[in-house]
Amino acid sequence: MNIVLGITGGIAAYKAPDIVRRLRERGAEVQIVMTASAEEFVTGTALQAVSGKPIRSNLWDKEAEAAMSHIELARWADVVLIAPATAEVMARIVSGGAPDLLTTICLATEAPIALAPAMNHVMWNNPATQANREVLEERGIHIIGPGIGSQACGEEGAGRMLEPDLIAITVFNLTGGKGEGLLEGRKVVVTAGPTREAIDPVRYITNRSSGKMGYAVATAAAAQGADVVLISGPVSLAEPPGLEVIKVESAMDMHAATHEAIDAAHIFIAAAAVADYRPVAIVEQKIKKKSESMSLELTRCPDILASVADLDAAPFTVGFAAETENLIKHARGKLEKKKLDMIVANRVGRDCGFDRDDNAVTVLWSDGEKSFPTSSKVELAHDVIELVAEHFFAKRGSETQSRLTVISNND
Ligand code: PMT
């Protein structure tokens with residue numbers, strides 16, 4: 001895949017060499033085009049070294065234009081990715097202006113364009129930027145992110161550029177990734193995030209899941225060519241482009257949405273942290289504090305994972321086990337009790353598992369296991385999906401083999 005990577009002038013430009021590395025790891029040719037202000041944040045020398053190609057920045061560079069003109073570059077690109085994309089470049093693309101090489105390429109290309117915005121949260125939430133985002137999306141330009149969290153300016157909010165590996169995977173999903181991976185033509189349903197169990201109109205029971213692990217798993221499955229349905233509890237993550245996302249709130253909603261989506265699914269992966277119990281009744285009005293103590297009667301929520309594994313035509317079923325102690329023993333217990341094909345065990349606590357960008361997991365199946373040490377959830381999700389695909393095909397192979405044996409015995 002030929003990718004023109006546009007880099008504009010934001011602090012997140014320091015991550016650009018990593019984006020180049022992630023794209024090249026996946027086999028892409030990357031031609032970098034920098035704006036003048038990007039050069040304030042990252043050096044062309046570093047980018048030339050990682051991309052292996054001379055950097056382009058000037059529309060009026062006669063020598064570079066003679067080698068490959070801006071029109072040829074626009075035609076060469078299978079994708080134009082701008083990361084980081086500032087509010088300024090978004091506005092310029094909306095206006096159709098082409099004062100520099102990067103915006104000229106955007107105007108002259110027929111390839112998909114993807115922007116990974118990065119800016120201060122007030123700038124991102126400014127009505128002008130949001131109006132520009134809407135116009136860009138209406139024109140079919142893909143907006144990847146931004147993420148939510150702490151920002152370089154020391155404030156918190158939406159506007160962080162997504163991590164380089166997530167950007168790289170998303171770009172591959174948008175274009176050549178589909179239909180070329182291990183899970184081409186397979187339907188994969190993934191649950192992610194927490195559920196909220198209402199107590200009254202203003203209060204609920206929930207947990208610390210951010211959805212990051214489940215979203216990474218869904219994105220990794222799509223990167224392997226699968227048609228992915230992501231059923232998500234309430235999270236503040238951007239919807240990954242290229243997949244069907246169904247938003248739900250409670251365990252009951254997630255149960256219903258899963259059973260609606262599961263038809264014809266080949267693989268089901270339950271990464272959601274679903275509530276085990278919910279209040280017996282949702283009080284209609286806000287509960288008043290009248291007494292010194294109160295108790296809440298809870299009832300069991302349906303076990304979504306076990307109910308899918310129990311279907312007559314159950315897909316290849318993969319659970320997650322979140323444990324604070326006896327990780328492997330408890331995970332193996334869940335694998336057997338819920339009749340799963342595989343389970344991904346992770347330790348959870350204040351400083352691991354939940355609401356972080358990294359994780360460490362051990363994947364278990366009936367007669368084996370494999371551990372993956374701490375790395376980003378995005379990378380782990382890729383490893384997990386590769387392993388799941390391997391076991392999915394092994395199981396289908398042995399099912400086909402035993403069906404053939406039955407047929408030949410009947411003959
Ligand atoms: O979202 P993050 O912040 O990135 O954190 C990731 C994670 C820690 C939430 C994730 O990696 C994880 O472990 N997800 C499963 C959490 C969980 O509920 O584990 P459990 O051991 O309680 O449940 C076992 C399995 O049963 C899970 O696959 C769960 O989705 C499923 N389950 C549980 C209860 C229920 N009512 N229905 C279910 O389907």
# chains A, B, ... in the order shown; residues from 1 in each chain; ligands from 1
call {"tool": "residues_around", "arguments": {"residues": "Ile169 in chain A", "least_positions_apart": "5", "cutoff": "12 Å", "atoms": "only C-alpha atoms", "output": "CSV table (one decimal) with C-alpha atoms, in the first residue's frame"}}
result
chain,number,residue,atom,x,y,z
A,19,ILE,CA,3.4,6.0,12.8
A,22,ARG,CA,3.9,1.0,12.2
A,23,LEU,CA,2.8,1.5,8.6
A,24,ARG,CA,6.0,0.1,7.2
A,25,GLU,CA,5.8,-2.9,9.5
A,26,ARG,CA,2.6,-3.7,7.7
A,27,GLY,CA,4.3,-3.5,4.4
A,28,ALA,CA,3.3,0.1,3.3
A,144,ILE,CA,-9.6,8.7,13.2
A,162,LEU,CA,-4.7,8.2,18.9
A,163,GLU,CA,-1.7,5.9,19.4
A,164,PRO,CA,0.4,5.2,16.3
A,174,LEU,CA,-10.1,1.5,5.7
A,175,THR,CA,-8.5,0.3,2.6
A,176,GLY,CA,-6.4,-2.8,1.7
A,177,GLY,CA,-6.8,-4.5,5.1
A,178,LYS,CA,-10.4,-5.8,4.4
A,216,ALA,CA,-8.6,-3.1,20.2
A,217,VAL,CA,-9.7,-6.7,19.8
A,218,ALA,CA,-12.6,-5.6,17.4
A,219,THR,CA,-10.2,-3.4,15.4
A,220,ALA,CA,-7.6,-6.2,15.2
A,221,ALA,CA,-10.3,-8.7,13.9
A,222,ALA,CA,-11.3,-6.1,11.3
A,223,ALA,CA,-7.6,-5.7,10.3
A,224,GLN,CA,-7.6,-9.5,9.6
A,225,GLY,CA,-10.5,-9.0,7.2
A,240,PRO,CA,-13.4,2.5,15.2
A,241,PRO,CA,-14.2,3.2,11.5
A,242,GLY,CA,-15.0,0.2,9.3
A,378,VAL,CA,-3.5,-2.8,20.5
A,379,GLU,CA,-0.5,-5.1,20.1
A,381,ALA,CA,-5.2,-7.7,20.6
A,382,HIS,CA,-3.3,-8.6,17.4
call {"tool": "residues_near_ligand", "arguments": {"ligand": "ligand 1", "cutoff": "8 Å", "atoms": "only C-alpha atoms and all ligand atoms", "output": "ChimeraX atom specification"}}
result
/A:191-194,208-215,251,255,269-277,300-307,318-323,331,334,343-348,353-357,359,377
call {"tool": "write_last_selection", "arguments": {"atoms": "N, CA and C atoms", "output": "compact mmCIF listing (two decimals), in the first residue's frame"}}
result
# COMPACT_ATOMS: atom_id res chain seq x y z
N THR A 191 -17.90 -8.07 22.34
CA THR A 191 -18.48 -7.15 23.32
C THR A 191 -17.34 -6.41 24.02
N ALA A 192 -17.61 -5.17 24.43
CA ALA A 192 -16.55 -4.36 25.05
C ALA A 192 -17.14 -3.38 26.05
N GLY A 193 -16.29 -2.97 26.98
CA GLY A 193 -16.67 -1.91 27.92
C GLY A 193 -17.48 -2.43 29.10
N PRO A 194 -17.89 -1.52 29.95
CA PRO A 194 -18.66 -1.92 31.13
C PRO A 194 -20.16 -1.94 30.80
N ARG A 208 -14.83 -0.49 36.35
CA ARG A 208 -13.78 0.40 35.84
C ARG A 208 -13.36 0.14 34.40
N SER A 209 -14.09 -0.71 33.67
CA SER A 209 -13.68 -1.01 32.28
C SER A 209 -13.82 0.23 31.40
N SER A 210 -12.78 0.47 30.58
CA SER A 210 -12.78 1.62 29.67
C SER A 210 -13.20 1.23 28.26
N GLY A 211 -13.20 -0.07 27.98
CA GLY A 211 -13.50 -0.54 26.62
C GLY A 211 -12.27 -0.66 25.74
N LYS A 212 -11.10 -0.21 26.23
CA LYS A 212 -9.90 -0.18 25.37
C LYS A 212 -9.53 -1.55 24.84
N MET A 213 -9.59 -2.57 25.72
CA MET A 213 -9.19 -3.92 25.30
C MET A 213 -10.16 -4.44 24.24
N GLY A 214 -11.46 -4.31 24.50
CA GLY A 214 -12.46 -4.83 23.56
C GLY A 214 -12.40 -4.10 22.23
N TYR A 215 -12.22 -2.77 22.27
CA TYR A 215 -12.13 -2.01 21.02
C TYR A 215 -10.90 -2.43 20.22
N ALA A 251 -26.61 -4.76 31.15
CA ALA A 251 -26.33 -6.17 30.82
C ALA A 251 -27.48 -6.77 30.01
N HIS A 255 -27.13 -8.31 26.37
CA HIS A 255 -27.57 -9.69 26.11
C HIS A 255 -28.46 -9.70 24.87
N ILE A 269 -16.33 -12.98 20.77
CA ILE A 269 -15.30 -12.66 21.76
C ILE A 269 -15.91 -11.71 22.80
N ALA A 270 -15.97 -12.17 24.05
CA ALA A 270 -16.62 -11.38 25.10
C ALA A 270 -15.55 -10.68 25.94
N ALA A 271 -15.23 -9.45 25.56
CA ALA A 271 -14.23 -8.69 26.32
C ALA A 271 -14.91 -7.70 27.28
N ALA A 272 -16.25 -7.63 27.22
CA ALA A 272 -16.95 -6.67 28.08
C ALA A 272 -16.89 -7.11 29.53
N ALA A 273 -16.90 -6.12 30.41
CA ALA A 273 -17.01 -6.38 31.84
C ALA A 273 -18.48 -6.20 32.20
N VAL A 274 -19.23 -7.29 32.01
CA VAL A 274 -20.69 -7.23 32.18
C VAL A 274 -21.02 -7.38 33.67
N ALA A 275 -22.01 -6.64 34.13
CA ALA A 275 -22.41 -6.76 35.54
C ALA A 275 -22.92 -8.17 35.81
N ASP A 276 -22.53 -8.71 36.94
CA ASP A 276 -23.06 -10.02 37.33
C ASP A 276 -24.42 -9.87 37.99
N TYR A 277 -24.64 -8.71 38.65
CA TYR A 277 -25.91 -8.48 39.36
C TYR A 277 -26.46 -7.10 38.99
N ARG A 300 -29.35 -11.75 39.67
CA ARG A 300 -28.31 -12.12 38.71
C ARG A 300 -28.65 -11.60 37.32
N CYS A 301 -27.63 -11.13 36.61
CA CYS A 301 -27.81 -10.77 35.20
C CYS A 301 -27.58 -12.03 34.38
N PRO A 302 -28.14 -12.10 33.18
CA PRO A 302 -27.86 -13.28 32.36
C PRO A 302 -26.37 -13.32 32.01
N ASP A 303 -25.79 -14.51 31.94
CA ASP A 303 -24.40 -14.62 31.52
C ASP A 303 -24.39 -14.71 29.99
N ILE A 304 -24.00 -13.60 29.36
CA ILE A 304 -24.09 -13.49 27.89
C ILE A 304 -23.18 -14.53 27.24
N LEU A 305 -21.96 -14.60 27.76
CA LEU A 305 -20.96 -15.51 27.17
C LEU A 305 -21.44 -16.96 27.25
N ALA A 306 -21.89 -17.37 28.44
CA ALA A 306 -22.34 -18.76 28.60
C ALA A 306 -23.55 -19.03 27.71
N SER A 307 -24.43 -18.02 27.56
CA SER A 307 -25.63 -18.25 26.75
C SER A 307 -25.28 -18.42 25.27
N VAL A 318 -14.98 -17.18 22.66
CA VAL A 318 -13.80 -16.78 23.43
C VAL A 318 -14.23 -15.83 24.54
N GLY A 319 -13.90 -16.18 25.78
CA GLY A 319 -14.21 -15.29 26.90
C GLY A 319 -12.97 -14.57 27.37
N PHE A 320 -13.17 -13.63 28.25
CA PHE A 320 -12.07 -13.00 28.98
C PHE A 320 -12.30 -13.36 30.45
N ALA A 321 -11.24 -13.46 31.22
CA ALA A 321 -11.39 -13.65 32.66
C ALA A 321 -10.61 -12.54 33.34
N ALA A 322 -11.31 -11.74 34.15
CA ALA A 322 -10.66 -10.66 34.89
C ALA A 322 -10.54 -11.12 36.33
N GLU A 323 -9.33 -11.33 36.80
CA GLU A 323 -9.13 -11.92 38.13
C GLU A 323 -8.16 -11.07 38.94
N ALA A 331 -9.41 -18.78 35.67
CA ALA A 331 -9.72 -18.66 34.24
C ALA A 331 -10.03 -20.04 33.66
N LYS A 334 -13.48 -21.04 34.47
CA LYS A 334 -14.51 -20.39 33.64
C LYS A 334 -14.54 -21.01 32.24
N ILE A 343 -10.11 -18.84 26.50
CA ILE A 343 -10.35 -17.72 27.42
C ILE A 343 -9.06 -16.92 27.56
N VAL A 344 -9.21 -15.61 27.64
CA VAL A 344 -8.06 -14.71 27.76
C VAL A 344 -8.04 -14.23 29.21
N ALA A 345 -7.03 -14.66 29.95
CA ALA A 345 -6.98 -14.33 31.38
C ALA A 345 -6.13 -13.08 31.59
N ASN A 346 -6.69 -12.13 32.32
CA ASN A 346 -5.85 -10.96 32.70
C ASN A 346 -6.10 -10.60 34.15
N ARG A 347 -4.99 -10.15 34.75
CA ARG A 347 -5.07 -9.71 36.13
C ARG A 347 -5.66 -8.30 36.14
N VAL A 348 -6.58 -8.04 37.07
CA VAL A 348 -7.13 -6.68 37.17
C VAL A 348 -6.95 -6.14 38.58
N GLY A 353 -4.80 -4.02 34.13
CA GLY A 353 -6.03 -4.49 33.47
C GLY A 353 -6.95 -3.37 33.03
N PHE A 354 -7.70 -2.81 33.98
CA PHE A 354 -8.73 -1.82 33.65
C PHE A 354 -8.15 -0.46 33.29
N ASP A 355 -8.80 0.19 32.32
CA ASP A 355 -8.59 1.60 32.02
C ASP A 355 -7.12 2.00 31.88
N ARG A 356 -6.36 1.19 31.15
CA ARG A 356 -4.96 1.51 30.87
C ARG A 356 -4.72 1.18 29.41
N ASP A 357 -3.57 1.65 28.89
CA ASP A 357 -3.27 1.35 27.49
C ASP A 357 -2.55 0.03 27.35
N ASN A 359 -1.52 -4.11 28.94
CA ASN A 359 -2.11 -5.27 29.61
C ASN A 359 -1.13 -6.43 29.44
N LYS A 377 -2.42 -2.64 24.55
CA LYS A 377 -3.62 -3.44 24.30
C LYS A 377 -3.79 -3.66 22.79
call {"tool": "select_by_dssp", "arguments": {"residues": "range 8-37 of chain A", "states": "strand (DSSP E or B)", "output": "list in words"}}
result
Glu29, Val30, Gln31, Ile32, Val33 and Met34 of chain A
call {"tool": "write_last_selection", "arguments": {"atoms": "N, CA, C and O atoms", "output": "short mmCIF file (atom, residue, chain, number, x, y, z; two decimals), in the first residue's frame"}}
result
data_model
loop_
_atom_site.label_atom_id
_atom_site.label_comp_id
_atom_site.auth_asym_id
_atom_site.auth_seq_id
_atom_site.Cartn_x
_atom_site.Cartn_y
_atom_site.Cartn_z
N GLU A 29 4.50 1.45 1.74
CA GLU A 29 5.50 2.44 1.31
C GLU A 29 4.99 3.78 1.81
O GLU A 29 3.81 4.11 1.56
N VAL A 30 5.84 4.53 2.49
CA VAL A 30 5.35 5.79 3.07
C VAL A 30 6.12 6.98 2.49
O VAL A 30 7.35 7.03 2.58
N GLN A 31 5.40 7.89 1.90
CA GLN A 31 6.00 9.15 1.45
C GLN A 31 5.52 10.26 2.38
O GLN A 31 4.32 10.53 2.46
N ILE A 32 6.47 10.89 3.07
CA ILE A 32 6.08 11.93 4.02
C ILE A 32 6.00 13.29 3.34
O ILE A 32 6.88 13.66 2.55
N VAL A 33 4.94 14.01 3.67
CA VAL A 33 4.79 15.39 3.23
C VAL A 33 4.56 16.23 4.49
O VAL A 33 3.60 16.00 5.22
N MET A 34 5.49 17.14 4.76
CA MET A 34 5.39 17.95 5.98
C MET A 34 4.94 19.36 5.64
O MET A 34 5.31 19.89 4.59
#
call {"tool": "closest_atom_pairs", "arguments": {"of": "range 36-94 of chain A", "to": "range 4-14 of chain A", "cutoff": "9 Å", "atoms": "only C-alpha atoms", "output": "JSON lines"}}
result
{"residue": "A:Ala36", "atom": "CA", "partner": "A:Gly9", "partner_atom": "CA", "distance": 7.5}
{"residue": "A:Ser37", "atom": "CA", "partner": "A:Gly9", "partner_atom": "CA", "distance": 4.5}
{"residue": "A:Ala38", "atom": "CA", "partner": "A:Gly9", "partner_atom": "CA", "distance": 3.7}
{"residue": "A:Glu39", "atom": "CA", "partner": "A:Gly9", "partner_atom": "CA", "distance": 7.2}
{"residue": "A:Glu40", "atom": "CA", "partner": "A:Gly9", "partner_atom": "CA", "distance": 7.0}
{"residue": "A:Phe41", "atom": "CA", "partner": "A:Ala13", "partner_atom": "CA", "distance": 6.0}
{"residue": "A:Val42", "atom": "CA", "partner": "A:Tyr14", "partner_atom": "CA", "distance": 5.6}
{"residue": "A:Thr43", "atom": "CA", "partner": "A:Tyr14", "partner_atom": "CA", "distance": 8.9}
{"residue": "A:Leu73", "atom": "CA", "partner": "A:Val4", "partner_atom": "CA", "distance": 7.8}
{"residue": "A:Ala74", "atom": "CA", "partner": "A:Val4", "partner_atom": "CA", "distance": 8.1}
{"residue": "A:Trp76", "atom": "CA", "partner": "A:Val4", "partner_atom": "CA", "distance": 8.5}
{"residue": "A:Ala77", "atom": "CA", "partner": "A:Val4", "partner_atom": "CA", "distance": 5.8}
{"residue": "A:Asp78", "atom": "CA", "partner": "A:Val4", "partner_atom": "CA", "distance": 8.0}
{"residue": "A:Val79", "atom": "CA", "partner": "A:Val4", "partner_atom": "CA", "distance": 6.4}
{"residue": "A:Val80", "atom": "CA", "partner": "A:Val4", "partner_atom": "CA", "distance": 4.8}
{"residue": "A:Leu81", "atom": "CA", "partner": "A:Leu5", "partner_atom": "CA", "distance": 4.9}
{"residue": "A:Ile82", "atom": "CA", "partner": "A:Gly6", "partner_atom": "CA", "distance": 4.3}
{"residue": "A:Ala83", "atom": "CA", "partner": "A:Ile7", "partner_atom": "CA", "distance": 5.5}
{"residue": "A:Pro84", "atom": "CA", "partner": "A:Ile7", "partner_atom": "CA", "distance": 5.8}
{"residue": "A:Ala85", "atom": "CA", "partner": "A:Thr8", "partner_atom": "CA", "distance": 5.8}
{"residue": "A:Thr86", "atom": "CA", "partner": "A:Thr8", "partner_atom": "CA", "distance": 6.4}
{"residue": "A:Glu88", "atom": "CA", "partner": "A:Thr8", "partner_atom": "CA", "distance": 8.9}
{"residue": "A:Val89", "atom": "CA", "partner": "A:Thr8", "partner_atom": "CA", "distance": 7.4}
call {"tool": "closest_residue", "arguments": {"among": "A:Val189, A:Val171, A:Ala264, A:Val283", "to": "Val202 in chain A", "atoms": "only C-alpha atoms"}}
result
A:Val283
call {"tool": "closest_residue", "arguments": {"among": "A:Leu136, A:Asp312, A:Ala49, A:Ala152", "to": "Ala118 in chain A", "atoms": "only C-alpha atoms"}}
result
A:Ala152
call {"tool": "residues_around", "arguments": {"residues": "Trp365 in chain A", "least_positions_apart": "6", "cutoff": "8 Å", "atoms": "only C-alpha atoms", "output": "PDB file with N, CA, C and O atoms, in the first residue's frame"}}
result
ATOM      1  N   LEU A 335     -13.349 -21.350  31.726  1.00  0.00           N
ATOM      2  CA  LEU A 335     -13.267 -21.985  30.395  1.00  0.00           C
ATOM      3  C   LEU A 335     -14.111 -23.258  30.369  1.00  0.00           C
ATOM      4  O   LEU A 335     -14.896 -23.498  29.448  1.00  0.00           O
ATOM      5  N   ASP A 341     -14.327 -22.154  23.920  1.00  0.00           N
ATOM      6  CA  ASP A 341     -13.203 -22.666  23.132  1.00  0.00           C
ATOM      7  C   ASP A 341     -11.881 -22.122  23.664  1.00  0.00           C
ATOM      8  O   ASP A 341     -10.880 -22.818  23.679  1.00  0.00           O
ATOM      9  N   MET A 342     -11.900 -20.848  24.058  1.00  0.00           N
ATOM     10  CA  MET A 342     -10.671 -20.230  24.590  1.00  0.00           C
ATOM     11  C   MET A 342     -11.068 -19.174  25.625  1.00  0.00           C
ATOM     12  O   MET A 342     -12.196 -18.673  25.607  1.00  0.00           O
ATOM     13  N   ILE A 343     -10.112 -18.844  26.502  1.00  0.00           N
ATOM     14  CA  ILE A 343     -10.348 -17.723  27.421  1.00  0.00           C
ATOM     15  C   ILE A 343      -9.059 -16.916  27.562  1.00  0.00           C
ATOM     16  O   ILE A 343      -7.958 -17.487  27.548  1.00  0.00           O
TER      17      ILE A 343
END
call {"tool": "residues_around", "arguments": {"residues": "Thr103 in chain A", "least_positions_apart": "5", "cutoff": "8 Å", "atoms": "only C-alpha atoms", "output": "JSON, numbers by chain"}}
result
{"A": [89, 92, 93, 97, 98]}
call {"tool": "atom_distance", "arguments": {"atom1": "CA of Pro279 in chain A", "atom2": "CA of Ala256 in chain A"}}
result
18.1 Å
